[in-house]
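A.B. asks: Here you go, this is entry28.cif (mmCIF, N, CA and C atoms).
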data_query
#
loop_
_atom_site.label_atom_id
_atom_site.label_comp_id
_atom_site.auth_asym_id
_atom_site.auth_seq_id
_atom_site.Cartn_x
_atom_site.Cartn_y
_atom_site.Cartn_z
N MET C 1 -26.65 44.55 29.15
CA MET C 1 -27.90 43.88 28.81
C MET C 1 -27.69 42.38 28.97
N GLY C 2 -28.53 41.76 29.77
CA GLY C 2 -28.44 40.33 30.00
C GLY C 2 -29.08 39.52 28.88
N LYS C 3 -28.90 38.21 28.96
CA LYS C 3 -29.41 37.32 27.92
C LYS C 3 -30.92 37.45 27.75
N ALA C 4 -31.67 37.50 28.83
CA ALA C 4 -33.12 37.62 28.72
C ALA C 4 -33.52 38.90 27.99
N ASP C 5 -32.81 39.98 28.27
CA ASP C 5 -33.09 41.25 27.58
C ASP C 5 -32.73 41.17 26.10
N ARG C 6 -31.64 40.49 25.78
CA ARG C 6 -31.25 40.34 24.37
C ARG C 6 -32.29 39.52 23.62
N LYS C 7 -32.78 38.45 24.25
CA LYS C 7 -33.84 37.65 23.61
C LYS C 7 -35.10 38.48 23.42
N GLN C 8 -35.43 39.31 24.40
CA GLN C 8 -36.60 40.18 24.27
C GLN C 8 -36.41 41.20 23.16
N LEU C 9 -35.19 41.70 22.99
CA LEU C 9 -34.91 42.63 21.90
C LEU C 9 -35.18 41.96 20.56
N VAL C 10 -34.70 40.74 20.39
CA VAL C 10 -34.92 40.00 19.14
C VAL C 10 -36.41 39.78 18.92
N LEU C 11 -37.09 39.28 19.93
CA LEU C 11 -38.53 39.03 19.82
C LEU C 11 -39.29 40.32 19.54
N GLY C 12 -38.99 41.36 20.29
CA GLY C 12 -39.67 42.63 20.10
C GLY C 12 -39.47 43.21 18.72
N PHE C 13 -38.25 43.06 18.18
CA PHE C 13 -37.97 43.56 16.83
C PHE C 13 -38.85 42.83 15.81
N LEU C 14 -38.92 41.51 15.92
CA LEU C 14 -39.75 40.74 15.00
C LEU C 14 -41.23 41.11 15.13
N VAL C 15 -41.70 41.26 16.36
CA VAL C 15 -43.10 41.61 16.60
C VAL C 15 -43.39 43.00 16.05
N HIS C 16 -42.55 43.95 16.39
CA HIS C 16 -42.80 45.34 15.99
C HIS C 16 -42.83 45.51 14.48
N HIS C 17 -41.89 44.88 13.79
CA HIS C 17 -41.78 45.09 12.35
C HIS C 17 -42.70 44.18 11.54
N GLY C 18 -43.13 43.07 12.10
CA GLY C 18 -44.08 42.21 11.43
C GLY C 18 -43.58 41.61 10.12
N LEU C 19 -42.28 41.50 9.97
CA LEU C 19 -41.69 40.96 8.74
C LEU C 19 -41.09 39.59 9.01
N ALA C 20 -41.17 38.72 8.02
CA ALA C 20 -40.44 37.46 8.07
C ALA C 20 -39.02 37.77 7.62
N LEU C 21 -38.05 37.50 8.49
CA LEU C 21 -36.67 37.88 8.21
C LEU C 21 -35.72 36.69 8.33
N PRO C 22 -34.74 36.61 7.41
CA PRO C 22 -33.68 35.62 7.59
C PRO C 22 -32.75 36.09 8.70
N PRO C 23 -32.04 35.16 9.32
CA PRO C 23 -31.17 35.55 10.43
C PRO C 23 -30.18 36.66 10.09
N ALA C 24 -29.58 36.63 8.90
CA ALA C 24 -28.57 37.65 8.55
C ALA C 24 -29.19 39.04 8.52
N ALA C 25 -30.36 39.19 7.93
CA ALA C 25 -31.01 40.51 7.87
C ALA C 25 -31.43 40.96 9.26
N LEU C 26 -31.93 40.04 10.05
CA LEU C 26 -32.33 40.36 11.42
C LEU C 26 -31.11 40.84 12.21
N TYR C 27 -30.02 40.10 12.11
CA TYR C 27 -28.80 40.46 12.83
C TYR C 27 -28.29 41.84 12.42
N ARG C 28 -28.20 42.06 11.13
CA ARG C 28 -27.66 43.34 10.64
C ARG C 28 -28.52 44.52 11.04
N ASN C 29 -29.82 44.35 11.04
CA ASN C 29 -30.71 45.44 11.45
C ASN C 29 -30.65 45.68 12.95
N LEU C 30 -30.50 44.63 13.74
CA LEU C 30 -30.35 44.82 15.19
C LEU C 30 -29.04 45.55 15.48
N ARG C 31 -27.98 45.22 14.75
CA ARG C 31 -26.70 45.91 14.94
C ARG C 31 -26.80 47.37 14.50
N LEU C 32 -27.39 47.60 13.35
CA LEU C 32 -27.45 48.93 12.77
C LEU C 32 -28.38 49.87 13.54
N HIS C 33 -29.56 49.39 13.86
CA HIS C 33 -30.59 50.26 14.43
C HIS C 33 -30.73 50.19 15.95
N HIS C 34 -30.20 49.14 16.56
CA HIS C 34 -30.40 48.98 18.01
C HIS C 34 -29.10 48.69 18.75
N ASN C 35 -27.97 48.90 18.06
CA ASN C 35 -26.66 48.76 18.70
C ASN C 35 -26.47 47.43 19.41
N ALA C 36 -27.04 46.37 18.85
CA ALA C 36 -26.86 45.04 19.44
C ALA C 36 -25.37 44.71 19.45
N THR C 37 -24.90 44.20 20.57
CA THR C 37 -23.49 43.89 20.70
C THR C 37 -23.21 42.39 20.71
N PHE C 38 -24.25 41.57 20.60
CA PHE C 38 -24.05 40.12 20.58
C PHE C 38 -23.69 39.67 19.17
N SER C 39 -23.17 38.46 19.07
CA SER C 39 -22.71 37.92 17.79
C SER C 39 -23.85 37.30 16.99
N ALA C 40 -23.58 37.04 15.73
CA ALA C 40 -24.56 36.35 14.88
C ALA C 40 -24.83 34.95 15.42
N LYS C 41 -23.82 34.30 15.96
CA LYS C 41 -24.01 32.97 16.56
C LYS C 41 -24.93 33.05 17.77
N SER C 42 -24.77 34.09 18.57
CA SER C 42 -25.66 34.27 19.72
C SER C 42 -27.09 34.48 19.24
N LEU C 43 -27.27 35.26 18.18
CA LEU C 43 -28.61 35.45 17.62
C LEU C 43 -29.20 34.10 17.22
N ASP C 44 -28.43 33.27 16.56
CA ASP C 44 -28.92 31.94 16.18
C ASP C 44 -29.37 31.15 17.42
N ASN C 45 -28.58 31.24 18.48
CA ASN C 45 -28.94 30.56 19.73
C ASN C 45 -30.24 31.12 20.31
N TYR C 46 -30.37 32.45 20.32
CA TYR C 46 -31.59 33.08 20.85
C TYR C 46 -32.81 32.66 20.03
N LEU C 47 -32.67 32.65 18.70
CA LEU C 47 -33.79 32.24 17.85
C LEU C 47 -34.17 30.79 18.11
N ASP C 48 -33.18 29.92 18.28
CA ASP C 48 -33.47 28.52 18.59
C ASP C 48 -34.21 28.40 19.93
N GLU C 49 -33.77 29.16 20.92
CA GLU C 49 -34.43 29.13 22.24
C GLU C 49 -35.85 29.69 22.14
N LEU C 50 -36.02 30.80 21.44
CA LEU C 50 -37.35 31.37 21.27
C LEU C 50 -38.27 30.42 20.52
N ASP C 51 -37.70 29.68 19.56
CA ASP C 51 -38.46 28.66 18.83
C ASP C 51 -38.90 27.55 19.77
N THR C 52 -37.98 27.06 20.58
CA THR C 52 -38.29 26.00 21.55
C THR C 52 -39.38 26.46 22.53
N GLU C 53 -39.35 27.74 22.87
CA GLU C 53 -40.35 28.31 23.78
C GLU C 53 -41.68 28.60 23.09
N GLY C 54 -41.74 28.40 21.77
CA GLY C 54 -42.97 28.62 21.03
C GLY C 54 -43.26 30.09 20.73
N LEU C 55 -42.23 30.94 20.80
CA LEU C 55 -42.44 32.37 20.62
C LEU C 55 -42.13 32.86 19.20
N VAL C 56 -41.33 32.08 18.47
CA VAL C 56 -41.05 32.37 17.05
C VAL C 56 -41.14 31.05 16.29
N VAL C 57 -41.27 31.19 14.97
CA VAL C 57 -41.30 30.00 14.12
C VAL C 57 -40.46 30.28 12.88
N ARG C 58 -39.74 29.24 12.44
CA ARG C 58 -38.95 29.33 11.21
C ARG C 58 -39.86 28.87 10.07
N ILE C 59 -39.94 29.69 9.01
CA ILE C 59 -40.83 29.36 7.91
C ILE C 59 -40.03 29.18 6.61
N ASP C 60 -40.64 28.47 5.69
CA ASP C 60 -40.04 28.16 4.40
C ASP C 60 -40.06 29.40 3.50
N PRO C 61 -38.88 29.91 3.11
CA PRO C 61 -38.86 31.11 2.27
C PRO C 61 -39.44 30.87 0.87
N ASP C 62 -39.32 29.65 0.37
CA ASP C 62 -39.89 29.36 -0.95
C ASP C 62 -41.41 29.41 -0.92
N ALA C 63 -42.01 28.94 0.17
CA ALA C 63 -43.47 28.98 0.30
C ALA C 63 -43.97 30.41 0.38
N MET C 64 -43.12 31.32 0.89
CA MET C 64 -43.52 32.72 0.98
C MET C 64 -43.83 33.30 -0.40
N GLU C 65 -43.13 32.81 -1.43
CA GLU C 65 -43.37 33.30 -2.78
C GLU C 65 -44.80 33.00 -3.24
N GLU C 66 -45.40 31.96 -2.64
CA GLU C 66 -46.78 31.60 -2.94
C GLU C 66 -47.74 32.14 -1.88
N ARG C 67 -47.25 33.10 -1.08
CA ARG C 67 -48.02 33.73 -0.01
C ARG C 67 -48.47 32.72 1.06
N ALA C 68 -47.63 31.72 1.28
CA ALA C 68 -47.93 30.70 2.29
C ALA C 68 -46.92 30.79 3.43
N VAL C 69 -47.40 30.49 4.61
CA VAL C 69 -46.54 30.42 5.80
C VAL C 69 -46.48 28.96 6.21
N GLU C 70 -45.35 28.32 5.90
CA GLU C 70 -45.17 26.91 6.20
C GLU C 70 -43.98 26.74 7.15
N PRO C 71 -44.26 26.34 8.39
CA PRO C 71 -43.16 26.11 9.33
C PRO C 71 -42.24 25.00 8.84
N ILE C 72 -40.94 25.15 9.11
CA ILE C 72 -39.96 24.13 8.79
C ILE C 72 -39.07 23.91 10.00
N ASP C 73 -38.49 22.72 10.07
CA ASP C 73 -37.53 22.40 11.12
C ASP C 73 -36.13 22.46 10.52
N GLY C 74 -35.31 23.33 11.04
CA GLY C 74 -33.94 23.43 10.60
C GLY C 74 -33.81 23.97 9.19
N GLY C 75 -32.57 24.09 8.76
CA GLY C 75 -32.30 24.55 7.41
C GLY C 75 -32.50 26.05 7.25
N ARG C 76 -32.50 26.45 6.00
CA ARG C 76 -32.63 27.86 5.64
C ARG C 76 -34.08 28.28 5.84
N GLY C 77 -34.28 29.33 6.61
CA GLY C 77 -35.64 29.79 6.85
C GLY C 77 -35.68 31.23 7.29
N TYR C 78 -36.88 31.75 7.30
CA TYR C 78 -37.13 33.11 7.78
C TYR C 78 -37.88 32.98 9.10
N TRP C 79 -37.73 33.98 9.94
CA TRP C 79 -38.32 33.93 11.29
C TRP C 79 -39.50 34.89 11.41
N LEU C 80 -40.55 34.39 12.06
CA LEU C 80 -41.74 35.17 12.38
C LEU C 80 -42.12 34.92 13.83
N PRO C 81 -42.70 35.91 14.50
CA PRO C 81 -43.21 35.65 15.86
C PRO C 81 -44.51 34.86 15.77
N THR C 82 -44.76 34.04 16.76
CA THR C 82 -46.03 33.34 16.88
C THR C 82 -47.02 34.23 17.64
N GLU C 83 -48.25 33.79 17.74
CA GLU C 83 -49.22 34.54 18.56
C GLU C 83 -48.73 34.63 20.00
N ALA C 84 -48.17 33.53 20.51
CA ALA C 84 -47.62 33.54 21.87
C ALA C 84 -46.47 34.53 21.97
N GLY C 85 -45.66 34.62 20.92
CA GLY C 85 -44.55 35.57 20.90
C GLY C 85 -45.03 37.00 20.91
N ILE C 86 -46.08 37.26 20.16
CA ILE C 86 -46.65 38.61 20.13
C ILE C 86 -47.14 39.00 21.52
N GLU C 87 -47.77 38.06 22.20
CA GLU C 87 -48.27 38.34 23.54
C GLU C 87 -47.13 38.49 24.55
N ALA C 88 -46.04 37.76 24.34
CA ALA C 88 -44.92 37.76 25.29
C ALA C 88 -43.93 38.89 25.07
N ALA C 89 -44.03 39.58 23.95
CA ALA C 89 -43.05 40.63 23.64
C ALA C 89 -43.12 41.75 24.66
N ASP C 90 -41.96 42.18 25.09
CA ASP C 90 -41.83 43.27 26.04
C ASP C 90 -41.88 44.58 25.25
N ASP C 91 -42.81 45.45 25.59
CA ASP C 91 -42.96 46.69 24.83
C ASP C 91 -42.09 47.83 25.39
N SER C 92 -41.12 47.49 26.23
CA SER C 92 -40.28 48.54 26.81
C SER C 92 -39.17 48.99 25.85
N PHE C 93 -38.90 48.21 24.80
CA PHE C 93 -37.90 48.61 23.83
C PHE C 93 -38.53 49.55 22.81
N SER C 94 -37.77 50.54 22.38
CA SER C 94 -38.26 51.50 21.40
C SER C 94 -37.77 51.09 20.01
N PHE C 95 -38.70 50.84 19.10
CA PHE C 95 -38.35 50.44 17.74
C PHE C 95 -38.70 51.51 16.74
N GLU C 96 -38.90 52.72 17.18
CA GLU C 96 -39.24 53.82 16.27
C GLU C 96 -37.99 54.48 15.76
#
Show me the file's structure as structure tokens.

C.D. replies:
Amino acid sequence: MGKADRKQLVLGFLVHHGLALPPAALYRNLRLHHNATFSAKSLDNYLDELDTEGLVVRIDPDAMEERAVEPIDGGRGYWLPTEAGIEAADDSFSFE
């Protein structure tokens, strides 16, 4: 699986599940349920690239407690797909 496919796997997982996830939970679920073979550091890189491309956004986990979605730059955050990410997700991966 090439880098583009790995990024699509990450994006597709976020889109399919519709959950705001911290990187550690996202990584562990990709390893457990989808046999991801890339490292946690690679996942961080993919998320940063997807963020730069406007396909995911890092949100403030504390704001989530107030049912708010507030984008943040850097630091501790949870990841969600953007509308552009939802449209760009490749539906060829099976998340069932």

A.B. asks: Return as a tab-separated table the residues of range 12-39 of chain C lying at most 8 Å from range 75-91 of chain C, together with the closest atom-to-atom pair for each and the distance in Å to one decimal, counting all atoms listed in the file, with rows in chain order and ascending residue number.

C.D. replies:
residue	atom	partner	partner_atom	distance
C:Gly12	CA	C:Ala89	CA	5.3
C:Phe13	N	C:Ala89	CA	7.7
C:Leu14	C	C:Pro81	N	5.4
C:Val15	N	C:Pro81	N	5.8
C:His16	N	C:Ile86	CA	7.7
C:Gly18	C	C:Leu80	CA	7.1
C:Leu19	C	C:Trp79	C	5.5
C:Ala20	CA	C:Trp79	C	4.3
C:Leu21	C	C:Trp79	N	3.7
C:Pro22	N	C:Tyr78	CA	4.3
C:Pro23	N	C:Tyr78	CA	5.7

A.B. asks: Could you check which of C:Glu66, C:Asp60, C:Asp73, C:Val10 is closest to Phe38 in chain C, using only C-alpha atoms?

C.D. replies: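 Answer, going by the shortest atom-to-atom distance: C:Val10.
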
A.B. asks: What does the structure give for the distance between atom N of Gly2 in chain C and CA of Ile59 in chain C, in Å to one decimal?

C.D. replies: 28.0 Å

A.B. asks: For CA of Lys3 in chain C and atom N of Glu70 in chain C, determine how far apart the two atoms are, in Å to one decimal place.

C.D. replies: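 These two atoms are separated by 28.6 Å.
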
A.B. asks: Taking all listed atoms of range 53-57 of chain C, build the axis-aligned box, pad each of the six sides by 6 Å, then write its centre and edge lengths in Å to one decimal as lines of an AutoDock Vina configuration file.

C.D. replies:
center_x = -41.3
center_y = 30.3
center_z = 18.3
size_x = 15.9
size_y = 17.1
size_z = 22.9

A.B. asks: I need the alpha helix (DSSP H) residues of range 44-80 of chain C per DSSP on the backbone, written as an MDAnalysis selection string.

C.D. replies: chainID C and resid 44:52 61:64

A.B. asks: For atom C of Leu32 in chain C and atom C of Pro61 in chain C, quote the distance in Å rounded to one decimal.

C.D. replies: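 Distance between the two atoms: 25.4 Å.
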
A.B. asks: Could you write out, as a list in words, all the residues of chain C that DSSP marks as strand (DSSP E or B)?

C.D. replies: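 Residues of chain C classed as strand (DSSP E or B): Leu21, Val56, Val57, Arg58, Ile59, Pro71, Tyr78, Trp79, Leu80 and Pro81 of chain C.
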
A.B. asks: Would you be able to write out as a compact mmCIF listing (two decimals) with N, CA and C atoms, in the frame of the given file which residues have an atom within 8 Å of (-28.6, 36.3, 10.9) in the file's coordinates, counting all atoms listed in the file?

C.D. replies:
# COMPACT_ATOMS: atom_id res chain seq x y z
N LEU C 21 -38.05 37.50 8.49
CA LEU C 21 -36.67 37.88 8.21
C LEU C 21 -35.72 36.69 8.33
N PRO C 22 -34.74 36.61 7.41
CA PRO C 22 -33.68 35.62 7.59
C PRO C 22 -32.75 36.09 8.70
N PRO C 23 -32.04 35.16 9.32
CA PRO C 23 -31.17 35.55 10.43
C PRO C 23 -30.18 36.66 10.09
N ALA C 24 -29.58 36.63 8.90
CA ALA C 24 -28.57 37.65 8.55
C ALA C 24 -29.19 39.04 8.52
N ALA C 25 -30.36 39.19 7.93
CA ALA C 25 -31.01 40.51 7.87
C ALA C 25 -31.43 40.96 9.26
N LEU C 26 -31.93 40.04 10.05
CA LEU C 26 -32.33 40.36 11.42
C LEU C 26 -31.11 40.84 12.21
N TYR C 27 -30.02 40.10 12.11
CA TYR C 27 -28.80 40.46 12.83
C TYR C 27 -28.29 41.84 12.42
N ARG C 28 -28.20 42.06 11.13
CA ARG C 28 -27.66 43.34 10.64
C ARG C 28 -28.52 44.52 11.04
N SER C 39 -23.17 38.46 19.07
CA SER C 39 -22.71 37.92 17.79
C SER C 39 -23.85 37.30 16.99
N ALA C 40 -23.58 37.04 15.73
CA ALA C 40 -24.56 36.35 14.88
C ALA C 40 -24.83 34.95 15.42
N LYS C 41 -23.82 34.30 15.96
CA LYS C 41 -24.01 32.97 16.56
C LYS C 41 -24.93 33.05 17.77
N LEU C 43 -27.27 35.26 18.18
CA LEU C 43 -28.61 35.45 17.62
C LEU C 43 -29.20 34.10 17.22
N ASP C 44 -28.43 33.27 16.56
CA ASP C 44 -28.92 31.94 16.18
C ASP C 44 -29.37 31.15 17.42

A.B. asks: Could N, CA, C and O atoms be built for range 70-82 of chain C and written out as an mmCIF file, in the frame of the given file?

C.D. replies:
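Done, and the output landed in part_12.cif:
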data_model
loop_
_atom_site.group_PDB
_atom_site.id
_atom_site.type_symbol
_atom_site.label_atom_id
_atom_site.label_comp_id
_atom_site.auth_asym_id
_atom_site.auth_seq_id
_atom_site.Cartn_x
_atom_site.Cartn_y
_atom_site.Cartn_z
ATOM 1 N N GLU C 70 -45.350 28.320 5.900
ATOM 2 C CA GLU C 70 -45.170 26.910 6.200
ATOM 3 C C GLU C 70 -43.980 26.740 7.150
ATOM 4 O O GLU C 70 -42.837 26.980 6.757
ATOM 5 N N PRO C 71 -44.260 26.340 8.390
ATOM 6 C CA PRO C 71 -43.160 26.110 9.330
ATOM 7 C C PRO C 71 -42.240 25.000 8.840
ATOM 8 O O PRO C 71 -42.685 24.035 8.210
ATOM 9 N N ILE C 72 -40.940 25.150 9.110
ATOM 10 C CA ILE C 72 -39.960 24.130 8.790
ATOM 11 C C ILE C 72 -39.070 23.910 10.000
ATOM 12 O O ILE C 72 -38.920 24.780 10.850
ATOM 13 N N ASP C 73 -38.490 22.720 10.070
ATOM 14 C CA ASP C 73 -37.530 22.400 11.120
ATOM 15 C C ASP C 73 -36.130 22.460 10.520
ATOM 16 O O ASP C 73 -35.836 21.746 9.567
ATOM 17 N N GLY C 74 -35.310 23.330 11.040
ATOM 18 C CA GLY C 74 -33.940 23.430 10.600
ATOM 19 C C GLY C 74 -33.810 23.970 9.190
ATOM 20 O O GLY C 74 -34.787 24.287 8.527
ATOM 21 N N GLY C 75 -32.570 24.090 8.760
ATOM 22 C CA GLY C 75 -32.300 24.550 7.410
ATOM 23 C C GLY C 75 -32.500 26.050 7.250
ATOM 24 O O GLY C 75 -32.644 26.799 8.209
ATOM 25 N N ARG C 76 -32.500 26.450 6.000
ATOM 26 C CA ARG C 76 -32.630 27.860 5.640
ATOM 27 C C ARG C 76 -34.080 28.280 5.840
ATOM 28 O O ARG C 76 -34.994 27.655 5.320
ATOM 29 N N GLY C 77 -34.280 29.330 6.610
ATOM 30 C CA GLY C 77 -35.640 29.790 6.850
ATOM 31 C C GLY C 77 -35.680 31.230 7.290
ATOM 32 O O GLY C 77 -34.652 31.838 7.567
ATOM 33 N N TYR C 78 -36.880 31.750 7.300
ATOM 34 C CA TYR C 78 -37.130 33.110 7.780
ATOM 35 C C TYR C 78 -37.880 32.980 9.100
ATOM 36 O O TYR C 78 -38.598 32.016 9.329
ATOM 37 N N TRP C 79 -37.730 33.980 9.940
ATOM 38 C CA TRP C 79 -38.320 33.930 11.290
ATOM 39 C C TRP C 79 -39.500 34.890 11.410
ATOM 40 O O TRP C 79 -39.449 36.020 10.940
ATOM 41 N N LEU C 80 -40.550 34.390 12.060
ATOM 42 C CA LEU C 80 -41.740 35.170 12.380
ATOM 43 C C LEU C 80 -42.120 34.920 13.830
ATOM 44 O O LEU C 80 -41.933 33.808 14.337
ATOM 45 N N PRO C 81 -42.700 35.910 14.500
ATOM 46 C CA PRO C 81 -43.210 35.650 15.860
ATOM 47 C C PRO C 81 -44.510 34.860 15.770
ATOM 48 O O PRO C 81 -45.258 34.984 14.796
ATOM 49 N N THR C 82 -44.760 34.040 16.760
ATOM 50 C CA THR C 82 -46.030 33.340 16.880
ATOM 51 C C THR C 82 -47.020 34.230 17.640
ATOM 52 O O THR C 82 -46.633 35.295 18.157
#
